[in-house]
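J.: My structure is stored as coords10.cif, with mmCIF, C-alpha atoms.
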```
data_input
loop_
_atom_site.label_atom_id
_atom_site.label_comp_id
_atom_site.auth_asym_id
_atom_site.auth_seq_id
_atom_site.Cartn_x
_atom_site.Cartn_y
_atom_site.Cartn_z
CA MET A 1226 0.38 30.07 10.96
CA ASP A 1227 -2.89 30.24 9.04
CA VAL A 1228 -2.80 30.03 5.27
CA ALA A 1229 -4.91 32.33 3.13
CA ASP A 1230 -8.06 30.56 2.00
CA PRO A 1231 -10.52 31.98 -0.53
CA HIS A 1232 -12.88 29.05 -0.19
CA GLY A 1233 -13.94 29.43 3.45
CA ALA A 1234 -12.44 26.03 4.26
CA GLU A 1235 -11.23 27.28 7.64
CA ALA A 1236 -14.75 26.80 9.04
CA VAL A 1237 -14.46 22.98 9.12
CA PRO A 1238 -11.49 20.80 10.14
CA ASN A 1239 -9.90 18.87 7.30
CA LEU A 1240 -8.05 15.56 7.48
CA ALA A 1241 -5.26 16.62 5.08
CA ARG A 1242 -4.60 19.82 6.98
CA MET A 1243 -4.69 18.01 10.34
CA TYR A 1244 -2.10 15.62 8.91
CA ASP A 1245 0.02 18.60 7.87
CA TYR A 1246 -0.21 19.95 11.42
CA TYR A 1247 0.86 16.62 12.92
CA LEU A 1248 3.91 16.68 10.64
CA GLY A 1249 4.85 20.17 11.79
CA GLY A 1250 3.65 21.94 8.64
CA SER A 1251 2.16 25.42 8.44
CA HIS A 1252 -0.59 24.89 5.85
CA ASN A 1253 -3.45 24.45 8.33
CA PHE A 1254 -6.08 26.51 10.14
CA ALA A 1255 -6.94 27.04 13.79
CA VAL A 1256 -9.93 24.72 13.39
CA ASP A 1257 -7.62 21.95 12.14
CA ARG A 1258 -5.20 22.40 15.03
CA ALA A 1259 -8.03 22.40 17.57
CA ALA A 1260 -9.45 19.14 16.20
CA ALA A 1261 -6.00 17.54 16.01
CA ASP A 1262 -5.14 18.58 19.57
CA ARG A 1263 -8.47 17.27 20.84
CA ALA A 1264 -7.64 13.88 19.37
CA LEU A 1265 -4.13 13.96 20.86
CA ARG A 1266 -5.43 14.54 24.38
CA THR A 1267 -7.06 11.10 24.35
CA VAL A 1268 -5.13 9.41 21.55
CA PRO A 1269 -1.46 10.39 21.87
CA HIS A 1270 -0.55 8.02 19.05
CA ALA A 1271 -2.56 10.02 16.51
CA ARG A 1272 0.62 11.90 15.59
CA THR A 1273 2.60 8.63 15.58
CA PHE A 1274 0.63 7.43 12.56
CA ALA A 1275 1.36 10.63 10.64
CA LEU A 1276 5.09 10.41 11.30
CA ALA A 1277 5.31 6.67 10.61
CA ASN A 1278 3.29 7.07 7.44
CA ARG A 1279 5.51 9.86 6.13
CA ALA A 1280 8.63 7.81 6.81
CA PHE A 1281 7.04 4.82 5.06
CA LEU A 1282 6.31 6.98 2.00
CA GLY A 1283 9.95 8.03 1.80
CA ARG A 1284 11.21 4.45 1.97
CA VAL A 1285 8.70 3.32 -0.65
CA VAL A 1286 9.59 6.05 -3.13
CA ARG A 1287 13.31 5.42 -2.75
CA ALA A 1288 12.75 1.68 -3.27
CA LEU A 1289 10.67 2.35 -6.39
CA VAL A 1290 13.27 4.65 -7.94
CA ALA A 1291 15.96 2.07 -7.18
CA ASP A 1292 13.79 -0.47 -9.02
CA GLY A 1293 13.71 1.75 -12.11
CA ILE A 1294 10.34 3.45 -11.66
CA ASP A 1295 10.41 7.06 -12.87
CA GLN A 1296 6.67 7.88 -12.99
CA PHE A 1297 4.40 8.42 -10.00
CA LEU A 1298 0.66 9.04 -9.64
CA ASP A 1299 0.03 10.26 -6.10
CA LEU A 1300 -3.67 9.91 -5.24
CA GLY A 1301 -4.97 12.13 -2.46
CA SER A 1302 -1.54 13.68 -2.12
CA GLY A 1303 -2.61 16.18 0.55
CA VAL A 1304 -0.93 19.38 1.64
CA PRO A 1305 2.72 19.61 0.50
CA THR A 1306 5.12 19.31 3.39
CA VAL A 1307 8.67 18.12 4.00
CA GLY A 1308 9.51 14.90 2.16
CA ASN A 1309 7.22 15.24 -0.85
CA VAL A 1310 7.27 12.50 -3.48
CA HIS A 1311 8.83 14.69 -6.16
CA GLU A 1312 11.59 15.82 -3.80
CA ILE A 1313 12.54 12.25 -2.95
CA ALA A 1314 12.17 10.82 -6.44
CA GLN A 1315 13.89 13.66 -8.27
CA ALA A 1316 16.79 13.70 -5.81
CA ALA A 1317 17.58 10.18 -7.04
CA ASP A 1318 16.42 10.68 -10.65
CA PRO A 1319 16.00 14.29 -11.83
CA ALA A 1320 13.90 13.07 -14.77
CA ALA A 1321 11.30 11.41 -12.51
CA ARG A 1322 7.76 12.61 -13.12
CA VAL A 1323 5.15 13.03 -10.40
CA ALA A 1324 1.45 13.75 -10.92
CA TYR A 1325 -0.29 14.74 -7.70
CA VAL A 1326 -4.08 14.56 -7.37
CA ASP A 1327 -6.21 15.97 -4.57
CA ILE A 1328 -9.70 17.31 -4.01
CA GLU A 1329 -8.87 19.68 -1.14
CA PRO A 1330 -8.59 23.30 -2.39
CA VAL A 1331 -5.87 24.39 0.05
CA ALA A 1332 -3.74 21.35 -0.79
CA VAL A 1333 -4.11 22.02 -4.51
CA GLY A 1334 -3.41 25.74 -4.17
CA VAL A 1335 -0.29 25.28 -2.08
CA ALA A 1336 0.98 22.48 -4.31
CA GLY A 1337 0.54 24.71 -7.36
CA GLN A 1338 2.83 27.29 -5.77
CA VAL A 1339 5.40 24.68 -4.74
CA LEU A 1340 5.49 23.10 -8.21
CA ALA A 1341 5.35 26.29 -10.27
CA ASP A 1342 8.94 25.93 -11.50
CA ASN A 1343 9.03 22.14 -11.74
CA PRO A 1344 8.25 20.88 -15.28
CA ASN A 1345 8.20 17.27 -14.16
CA ALA A 1346 5.58 17.59 -11.43
CA THR A 1347 1.92 18.64 -11.59
CA ILE A 1348 -1.08 19.01 -9.31
CA THR A 1349 -4.59 18.14 -10.46
CA HIS A 1350 -7.75 19.17 -8.63
CA ALA A 1351 -9.89 16.06 -8.97
CA ASP A 1352 -11.77 13.36 -7.08
CA ILE A 1353 -9.74 10.14 -7.00
CA ARG A 1354 -13.02 8.18 -6.86
CA ASP A 1355 -13.39 8.96 -10.58
CA PRO A 1356 -10.36 7.20 -12.11
CA ALA A 1357 -11.40 7.95 -15.71
CA ALA A 1358 -11.54 11.69 -15.02
CA VAL A 1359 -8.27 11.62 -13.09
CA LEU A 1360 -6.40 9.75 -15.80
CA ALA A 1361 -7.78 12.02 -18.54
CA ALA A 1362 -6.87 15.25 -16.72
CA PRO A 1363 -4.10 17.20 -18.50
CA GLY A 1364 -1.88 17.22 -15.41
CA VAL A 1365 -1.90 13.43 -15.48
CA ALA A 1366 -2.37 12.46 -19.12
CA ASP A 1367 0.16 14.97 -20.45
CA LEU A 1368 2.82 14.07 -17.87
CA LEU A 1369 2.63 10.31 -17.43
CA ASP A 1370 2.99 7.62 -20.10
CA LEU A 1371 0.72 4.82 -18.96
CA ASP A 1372 2.17 2.53 -21.62
CA ARG A 1373 5.22 2.36 -19.36
CA PRO A 1374 5.36 1.28 -15.69
CA VAL A 1375 4.03 3.81 -13.22
CA ALA A 1376 3.78 3.75 -9.44
CA VAL A 1377 0.31 4.51 -8.12
CA LEU A 1378 0.53 5.84 -4.56
CA ALA A 1379 -2.54 5.49 -2.34
CA ILE A 1380 -0.92 6.69 0.85
CA ALA A 1381 -3.19 7.47 3.83
CA ILE A 1382 -6.18 7.95 1.53
CA LEU A 1383 -8.05 4.63 1.46
CA HIS A 1384 -9.29 5.05 5.04
CA ALA A 1385 -11.02 8.26 3.87
CA LEU A 1386 -13.13 6.13 1.49
CA PRO A 1387 -16.09 4.34 3.08
CA ASP A 1388 -17.03 0.86 1.95
CA ALA A 1389 -19.90 2.39 -0.05
CA ASP A 1390 -17.30 4.06 -2.31
CA ASP A 1391 -15.82 0.63 -3.14
CA PRO A 1392 -12.15 1.48 -2.57
CA ALA A 1393 -11.09 -1.93 -3.91
CA GLY A 1394 -12.95 -1.23 -7.14
CA ILE A 1395 -11.33 2.21 -7.40
CA LEU A 1396 -7.86 0.68 -7.03
CA ALA A 1397 -8.76 -1.95 -9.63
CA ALA A 1398 -9.69 0.77 -12.13
CA TYR A 1399 -6.29 2.41 -11.74
CA ARG A 1400 -4.62 -1.02 -11.89
CA ASP A 1401 -6.33 -1.83 -15.18
CA ALA A 1402 -5.07 1.43 -16.71
CA CYS A 1403 -1.44 0.63 -15.87
CA ALA A 1404 1.18 -1.28 -17.84
CA PRO A 1405 2.77 -4.49 -16.55
CA GLY A 1406 5.65 -3.68 -14.23
CA SER A 1407 3.66 -0.91 -12.58
CA HIS A 1408 3.44 -0.75 -8.80
CA LEU A 1409 0.89 0.16 -6.15
CA ALA A 1410 1.89 1.48 -2.73
CA VAL A 1411 -0.74 1.75 0.00
CA SER A 1412 -0.96 2.73 3.63
CA HIS A 1413 -4.04 2.61 5.83
CA LEU A 1414 -5.06 3.67 9.31
CA ALA A 1415 -5.88 0.72 11.56
CA ALA A 1416 -6.52 0.02 15.23
CA THR A 1417 -3.46 -1.95 16.30
CA SER A 1418 -3.02 -0.28 19.69
CA PHE A 1419 -6.01 2.07 19.92
CA SER A 1420 -8.40 1.11 22.70
CA ALA A 1421 -12.13 1.02 22.03
CA ASP A 1422 -12.49 4.43 23.72
CA GLN A 1423 -9.66 5.86 21.64
CA GLN A 1424 -11.22 4.56 18.45
CA LYS A 1425 -14.44 6.29 19.47
CA VAL A 1426 -12.61 9.61 19.93
CA VAL A 1427 -10.83 9.28 16.57
CA ARG A 1428 -14.14 8.68 14.83
CA GLU A 1429 -15.87 11.54 16.65
CA VAL A 1430 -13.12 14.02 15.72
CA LEU A 1431 -12.90 12.93 12.12
CA ASP A 1432 -16.66 12.78 11.71
CA GLU A 1433 -16.49 16.58 11.88
CA THR A 1434 -14.36 16.62 8.71
CA PRO A 1435 -15.56 16.12 5.12
CA THR A 1436 -13.80 12.72 5.15
CA PRO A 1437 -14.64 10.54 8.17
CA VAL A 1438 -12.33 7.53 8.35
CA THR A 1439 -12.97 3.81 8.13
CA LEU A 1440 -10.50 1.72 10.13
CA ARG A 1441 -9.68 -1.57 8.41
CA THR A 1442 -7.74 -4.71 9.24
CA ARG A 1443 -4.63 -6.14 7.62
CA GLU A 1444 -6.81 -8.73 5.89
CA GLN A 1445 -9.15 -6.09 4.47
CA LEU A 1446 -6.24 -4.08 3.10
CA THR A 1447 -4.71 -7.21 1.59
CA GLU A 1448 -7.96 -7.93 -0.26
CA MET A 1449 -7.74 -4.49 -1.91
CA LEU A 1450 -4.48 -5.51 -3.57
CA ALA A 1451 -6.09 -8.17 -5.74
CA GLY A 1452 -4.37 -8.55 -9.11
CA TYR A 1453 -0.98 -7.49 -7.75
CA GLU A 1454 1.99 -9.42 -6.44
CA ILE A 1455 2.59 -8.16 -2.91
CA LEU A 1456 6.30 -7.60 -2.40
CA GLU A 1457 8.30 -8.40 0.72
CA PRO A 1458 7.74 -7.93 3.61
CA GLY A 1459 4.03 -8.06 2.73
CA VAL A 1460 1.25 -6.05 4.34
CA CYS A 1461 2.79 -5.02 7.64
CA LEU A 1462 2.87 -2.34 10.30
CA LEU A 1463 4.28 0.88 8.83
CA PRO A 1464 7.61 1.00 10.74
CA ALA A 1465 8.23 -2.67 9.92
CA TRP A 1466 8.19 -2.12 6.16
CA ARG A 1467 11.87 -2.34 5.11
CA PRO A 1468 13.01 -0.26 8.10
CA ASP A 1469 16.09 1.92 7.85
CA ASP A 1470 17.23 0.60 11.23
CA THR A 1471 16.17 -1.94 13.85
CA GLY A 1472 15.67 0.46 16.72
CA THR A 1473 11.91 -0.02 17.17
CA THR A 1474 10.08 -2.73 19.05
CA ALA A 1475 6.91 -4.58 18.10
CA ALA A 1476 4.99 -2.42 20.58
CA ASP A 1477 6.40 0.75 19.02
CA ASP A 1478 5.41 -0.52 15.58
CA ALA A 1479 1.86 -1.24 16.76
CA ASP A 1480 1.57 2.32 18.08
CA SER A 1481 1.75 3.55 14.48
CA ASN A 1482 -1.78 2.15 14.08
CA GLY A 1483 -1.30 1.71 10.37
CA TYR A 1484 -0.41 -0.87 7.73
CA GLY A 1485 1.54 -0.42 4.54
CA ALA A 1486 2.48 -2.47 1.49
CA LEU A 1487 4.08 -2.29 -1.93
CA ALA A 1488 2.79 -4.46 -4.76
CA ARG A 1489 3.76 -5.04 -8.39
CA LEU A 1490 1.58 -5.64 -11.45
CA SER A 1491 2.85 -8.63 -13.38
CA ALA A 1492 2.19 -9.32 -17.07
CA ARG A 1493 -1.45 -10.09 -17.67
#
```
Will you turn the file into structure tokens for me?
T.:
Amino acid sequence: MDVADPHGAEAVPNLARMYDYYLGGSHNFAVDRAAADRALRTVPHARTFALANRAFLGRVVRALVADGIDQFLDLGSGVPTVGNVHEIAQAADPAARVAYVDIEPVAVGVAGQVLADNPNATITHADIRDPAAVLAAPGVADLLDLDRPVAVLAIAILHALPDADDPAGILAAYRDACAPGSHLAVSHLAATSFSADQQKVVREVLDETPTPVTLRTREQLTEMLAGYEILEPGVCLLPAWRPDDTGTTAADDADSNGYGALARLSAR
């Protein structure tokens, strides 16, 4: 089903809407589905990353709430779909507050409708590459108390930032604005089972979007977490991060083609 779009965004495929399609959502356009299906024909594990990443997000949020975190800043939150951060966090703690931030108009518009009756969740239309503007935006500054611990979520967004944008520096700016005891959760697309030809197809498809991706290694993602204590089990394949069961194999985990981690900011 196509969503109404006043911005003409249906002319170009979008990474957030393709992700929504892979998750079975309805907030996407024909151009997004065509690009996503073209990737799937050569790279069947493209959807595997989306599903593994969403499951990772759920486990991370539940772990954070269990650890006493009740504030979340979700950077590049994307199109709302099943298993949103506020749904998971507020199911465990109804007072939990979630500030979503995204630059994609459809994601922001749909999120505004979803959150209309939720006083503890907001959506801000902003560019996460400008931390000062994000943190000063009313939807963030009026909802979150940065003098208390907050969880910054950078889930499936860092690979949309090229090296020229200095993603490590962006994360450091958010880190420096947070109180001790805050956390950072990250996930990142990688090439753990993609062949060279499959990587080429992924890049070609996503080069058509406003946010081409940069695949990075475990070591590169680890370097972005400077200043944090990386919590167990470290930077690992998405399904291997505190799994709910032990039903997957190492090969299955590699097919997620993504790494994830949770880190904590200790006293400075």
J.: So which residues touch Ala1479 in chain A within 12 Å, counting all atoms listed in the file, skipping near sequence neighbours fewer than 3 positions away, as a ChimeraX atom specification?
T.: /A:1270,1273-1274,1277,1414-1419,1461-1465,1473-1476,1482-1484
J.: In Å to one decimal, how far is CA of Val1286 in chain A from CA of Asn1309 in chain A?
T.: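 Pair CA of Asn1309 in chain A / CA of Val1286 in chain A returns 9.8 Å.
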J.: Taking (-7.8, 7.5, 7.7) as a centre in this file's frame and 8 Å as the limit, can you find every polymer residue with an atom that close, using all atoms listed in the file, and give them as a PyMOL selection string?
T.: chain A and resi 1381-1385+1413-1414+1437-1440
J.: Would you list the contacts of Ala1376 in chain A as a PyMOL selection string, taking every protein, DNA or RNA residue within 12 Å and counting all atoms listed in the file, but skipping same-chain residues closer than 3 positions in sequence?
T.: chain A and resi 1285-1290+1292-1300+1310+1314+1321-1325+1369-1371+1373+1379-1380+1399-1400+1402-1411+1487-1490
J.: Enter the distance from CA of Glu1429 in chain A to CA of Ile1395 in chain A, in Å, rounded to one decimal.
T.: 26.2 Å
J.: Within 12 Å of Glu1312 in chain A, counting all atoms listed in the file, which residues qualify if same-chain residues fewer than 3 places away don't, as a ChimeraX atom specification?
T.: /A:1282-1283,1286-1287,1305-1309,1315-1323,1339-1340,1343,1345-1346
J.: Could you please take those selected residues and save C-alpha atoms as a short mmCIF file (atom, residue, chain, number, x, y, z; two decimals), keeping the file's coordinate frame?
T.:
```
data_model
loop_
_atom_site.label_atom_id
_atom_site.label_comp_id
_atom_site.auth_asym_id
_atom_site.auth_seq_id
_atom_site.Cartn_x
_atom_site.Cartn_y
_atom_site.Cartn_z
CA LEU A 1282 6.31 6.98 2.00
CA GLY A 1283 9.95 8.03 1.80
CA VAL A 1286 9.59 6.05 -3.13
CA ARG A 1287 13.31 5.42 -2.75
CA PRO A 1305 2.72 19.61 0.50
CA THR A 1306 5.12 19.31 3.39
CA VAL A 1307 8.67 18.12 4.00
CA GLY A 1308 9.51 14.90 2.16
CA ASN A 1309 7.22 15.24 -0.85
CA GLN A 1315 13.89 13.66 -8.27
CA ALA A 1316 16.79 13.70 -5.81
CA ALA A 1317 17.58 10.18 -7.04
CA ASP A 1318 16.42 10.68 -10.65
CA PRO A 1319 16.00 14.29 -11.83
CA ALA A 1320 13.90 13.07 -14.77
CA ALA A 1321 11.30 11.41 -12.51
CA ARG A 1322 7.76 12.61 -13.12
CA VAL A 1323 5.15 13.03 -10.40
CA VAL A 1339 5.40 24.68 -4.74
CA LEU A 1340 5.49 23.10 -8.21
CA ASN A 1343 9.03 22.14 -11.74
CA ASN A 1345 8.20 17.27 -14.16
CA ALA A 1346 5.58 17.59 -11.43
#
```
J.: Written as a PDB file with C-alpha atoms, in the frame of the given file, what is the full residue list that the PyMOL selection byres ((chain A and resi 1246) around 12) yields on the file shown?
T.:
```pdb
ATOM      1  CA  MET A1226       0.380  30.070  10.960  1.00  0.00           C
ATOM      2  CA  ASP A1227      -2.890  30.240   9.040  1.00  0.00           C
ATOM      3  CA  PRO A1238     -11.490  20.800  10.140  1.00  0.00           C
ATOM      4  CA  ASN A1239      -9.900  18.870   7.300  1.00  0.00           C
ATOM      5  CA  LEU A1240      -8.050  15.560   7.480  1.00  0.00           C
ATOM      6  CA  ALA A1241      -5.260  16.620   5.080  1.00  0.00           C
ATOM      7  CA  ARG A1242      -4.600  19.820   6.980  1.00  0.00           C
ATOM      8  CA  MET A1243      -4.690  18.010  10.340  1.00  0.00           C
ATOM      9  CA  TYR A1244      -2.100  15.620   8.910  1.00  0.00           C
ATOM     10  CA  ASP A1245       0.020  18.600   7.870  1.00  0.00           C
ATOM     11  CA  TYR A1247       0.860  16.620  12.920  1.00  0.00           C
ATOM     12  CA  LEU A1248       3.910  16.680  10.640  1.00  0.00           C
ATOM     13  CA  GLY A1249       4.850  20.170  11.790  1.00  0.00           C
ATOM     14  CA  GLY A1250       3.650  21.940   8.640  1.00  0.00           C
ATOM     15  CA  SER A1251       2.160  25.420   8.440  1.00  0.00           C
ATOM     16  CA  HIS A1252      -0.590  24.890   5.850  1.00  0.00           C
ATOM     17  CA  ASN A1253      -3.450  24.450   8.330  1.00  0.00           C
ATOM     18  CA  PHE A1254      -6.080  26.510  10.140  1.00  0.00           C
ATOM     19  CA  ALA A1255      -6.940  27.040  13.790  1.00  0.00           C
ATOM     20  CA  VAL A1256      -9.930  24.720  13.390  1.00  0.00           C
ATOM     21  CA  ASP A1257      -7.620  21.950  12.140  1.00  0.00           C
ATOM     22  CA  ARG A1258      -5.200  22.400  15.030  1.00  0.00           C
ATOM     23  CA  ALA A1259      -8.030  22.400  17.570  1.00  0.00           C
ATOM     24  CA  ALA A1260      -9.450  19.140  16.200  1.00  0.00           C
ATOM     25  CA  ALA A1261      -6.000  17.540  16.010  1.00  0.00           C
ATOM     26  CA  ASP A1262      -5.140  18.580  19.570  1.00  0.00           C
ATOM     27  CA  LEU A1265      -4.130  13.960  20.860  1.00  0.00           C
ATOM     28  CA  ALA A1271      -2.560  10.020  16.510  1.00  0.00           C
ATOM     29  CA  ARG A1272       0.620  11.900  15.590  1.00  0.00           C
ATOM     30  CA  ALA A1275       1.360  10.630  10.640  1.00  0.00           C
ATOM     31  CA  LEU A1276       5.090  10.410  11.300  1.00  0.00           C
ATOM     32  CA  GLY A1303      -2.610  16.180   0.550  1.00  0.00           C
ATOM     33  CA  VAL A1304      -0.930  19.380   1.640  1.00  0.00           C
ATOM     34  CA  PRO A1305       2.720  19.610   0.500  1.00  0.00           C
ATOM     35  CA  THR A1306       5.120  19.310   3.390  1.00  0.00           C
ATOM     36  CA  VAL A1307       8.670  18.120   4.000  1.00  0.00           C
TER      37      VAL A1307
END
```
J.: Could you tell me how far CA of Pro1356 in chain A lies from CA of Val1326 in chain A, in Å and to one decimal?
T.: 10.8 Å
J.: Determine the residue set returned by the PyMOL selection byres ((chain A and resi 1354) around 12) for the present structure, and present it as a VMD selection string.
T.: chain A and resid 1300 to 1301 1326 to 1328 1351 to 1353 1355 to 1360 1379 1382 to 1383 1385 to 1387 1389 to 1399
J.: Which of these, A:Ala1236, A:Val1331, A:Ser1491, A:Ile1313, has the shortest distance to Tyr1453 in chain A once you count all atoms listed in the file?
T.: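 Nearest candidate to Tyr1453 in chain A out of A:Ala1236, A:Val1331, A:Ser1491, A:Ile1313: A:Ser1491.
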J.: Counting all atoms listed in the file, which residue out of A:Ala1332, A:Leu1456, A:Ala1280, A:Ala1366 sits closest to His1350 in chain A?
T.: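 The shortest atom-to-atom distance to His1350 in chain A comes from A:Ala1332.
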J.: Could you tell me which of A:Ala1486, A:Pro1468, A:Phe1281, A:Arg1428 comes closest to Glu1454 in chain A if we count only C-alpha atoms?
T.: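 Among the listed residues, the smallest separation from Glu1454 in chain A belongs to A:Ala1486.
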J.: Provide range 1310-1335 of chain A rebuilt to N, CA and C atoms, formatted as an mmCIF file, in the frame of the given file.
T.:
```cif
data_model
loop_
_atom_site.group_PDB
_atom_site.id
_atom_site.type_symbol
_atom_site.label_atom_id
_atom_site.label_comp_id
_atom_site.auth_asym_id
_atom_site.auth_seq_id
_atom_site.Cartn_x
_atom_site.Cartn_y
_atom_site.Cartn_z
ATOM 1 N N VAL A 1310 6.868 13.549 -2.547
ATOM 2 C CA VAL A 1310 7.270 12.500 -3.480
ATOM 3 C C VAL A 1310 8.243 13.035 -4.523
ATOM 4 N N HIS A 1311 7.938 14.192 -5.098
ATOM 5 C CA HIS A 1311 8.830 14.690 -6.160
ATOM 6 C C HIS A 1311 10.209 15.034 -5.623
ATOM 7 N N GLU A 1312 10.291 15.505 -4.380
ATOM 8 C CA GLU A 1312 11.590 15.820 -3.800
ATOM 9 C C GLU A 1312 12.442 14.560 -3.653
ATOM 10 N N ILE A 1313 11.820 13.494 -3.168
ATOM 11 C CA ILE A 1313 12.540 12.250 -2.950
ATOM 12 C C ILE A 1313 12.911 11.593 -4.274
ATOM 13 N N ALA A 1314 11.931 11.494 -5.171
ATOM 14 C CA ALA A 1314 12.170 10.820 -6.440
ATOM 15 C C ALA A 1314 13.175 11.571 -7.306
ATOM 16 N N GLN A 1315 13.019 12.888 -7.386
ATOM 17 C CA GLN A 1315 13.890 13.660 -8.270
ATOM 18 C C GLN A 1315 15.286 13.863 -7.694
ATOM 19 N N ALA A 1316 15.450 13.675 -6.391
ATOM 20 C CA ALA A 1316 16.790 13.700 -5.810
ATOM 21 C C ALA A 1316 17.602 12.509 -6.320
ATOM 22 N N ALA A 1317 16.911 11.379 -6.538
ATOM 23 C CA ALA A 1317 17.580 10.180 -7.040
ATOM 24 C C ALA A 1317 17.590 10.137 -8.565
ATOM 25 N N ASP A 1318 16.538 10.670 -9.193
ATOM 26 C CA ASP A 1318 16.420 10.680 -10.650
ATOM 27 C C ASP A 1318 15.769 11.993 -11.064
ATOM 28 N N PRO A 1319 16.557 12.973 -11.487
ATOM 29 C CA PRO A 1319 16.000 14.290 -11.830
ATOM 30 C C PRO A 1319 14.933 14.250 -12.915
ATOM 31 N N ALA A 1320 14.892 13.179 -13.703
ATOM 32 C CA ALA A 1320 13.900 13.070 -14.770
ATOM 33 C C ALA A 1320 12.589 12.444 -14.285
ATOM 34 N N ALA A 1321 12.519 12.038 -13.028
ATOM 35 C CA ALA A 1321 11.300 11.410 -12.510
ATOM 36 C C ALA A 1321 10.116 12.362 -12.603
ATOM 37 N N ARG A 1322 8.968 11.813 -12.947
ATOM 38 C CA ARG A 1322 7.760 12.610 -13.120
ATOM 39 C C ARG A 1322 6.728 12.232 -12.061
ATOM 40 N N VAL A 1323 6.103 13.250 -11.491
ATOM 41 C CA VAL A 1323 5.150 13.030 -10.400
ATOM 42 C C VAL A 1323 3.875 13.816 -10.678
ATOM 43 N N ALA A 1324 2.760 13.109 -10.765
ATOM 44 C CA ALA A 1324 1.450 13.750 -10.920
ATOM 45 C C ALA A 1324 0.689 13.601 -9.612
ATOM 46 N N TYR A 1325 0.478 14.723 -8.940
ATOM 47 C CA TYR A 1325 -0.290 14.740 -7.700
ATOM 48 C C TYR A 1325 -1.759 14.984 -8.012
ATOM 49 N N VAL A 1326 -2.638 14.372 -7.214
ATOM 50 C CA VAL A 1326 -4.080 14.560 -7.370
ATOM 51 C C VAL A 1326 -4.701 14.739 -5.998
ATOM 52 N N ASP A 1327 -5.510 15.779 -5.839
ATOM 53 C CA ASP A 1327 -6.210 15.970 -4.570
ATOM 54 C C ASP A 1327 -7.483 16.768 -4.810
ATOM 55 N N ILE A 1328 -8.427 16.607 -3.900
ATOM 56 C CA ILE A 1328 -9.700 17.310 -4.010
ATOM 57 C C ILE A 1328 -9.781 18.515 -3.089
ATOM 58 N N GLU A 1329 -8.822 18.623 -2.153
ATOM 59 C CA GLU A 1329 -8.870 19.680 -1.140
ATOM 60 C C GLU A 1329 -8.284 20.970 -1.699
ATOM 61 N N PRO A 1330 -9.054 22.076 -1.725
ATOM 62 C CA PRO A 1330 -8.590 23.300 -2.390
ATOM 63 C C PRO A 1330 -7.289 23.864 -1.846
ATOM 64 N N VAL A 1331 -7.100 23.845 -0.524
ATOM 65 C CA VAL A 1331 -5.870 24.390 0.050
ATOM 66 C C VAL A 1331 -4.675 23.542 -0.392
ATOM 67 N N ALA A 1332 -4.825 22.226 -0.362
ATOM 68 C CA ALA A 1332 -3.740 21.350 -0.790
ATOM 69 C C ALA A 1332 -3.358 21.626 -2.237
ATOM 70 N N VAL A 1333 -4.360 21.775 -3.092
ATOM 71 C CA VAL A 1333 -4.110 22.020 -4.510
ATOM 72 C C VAL A 1333 -3.459 23.385 -4.717
ATOM 73 N N GLY A 1334 -3.959 24.401 -4.015
ATOM 74 C CA GLY A 1334 -3.410 25.740 -4.170
ATOM 75 C C GLY A 1334 -1.966 25.836 -3.728
ATOM 76 N N VAL A 1335 -1.659 25.244 -2.583
ATOM 77 C CA VAL A 1335 -0.290 25.280 -2.080
ATOM 78 C C VAL A 1335 0.636 24.475 -2.993
#
```
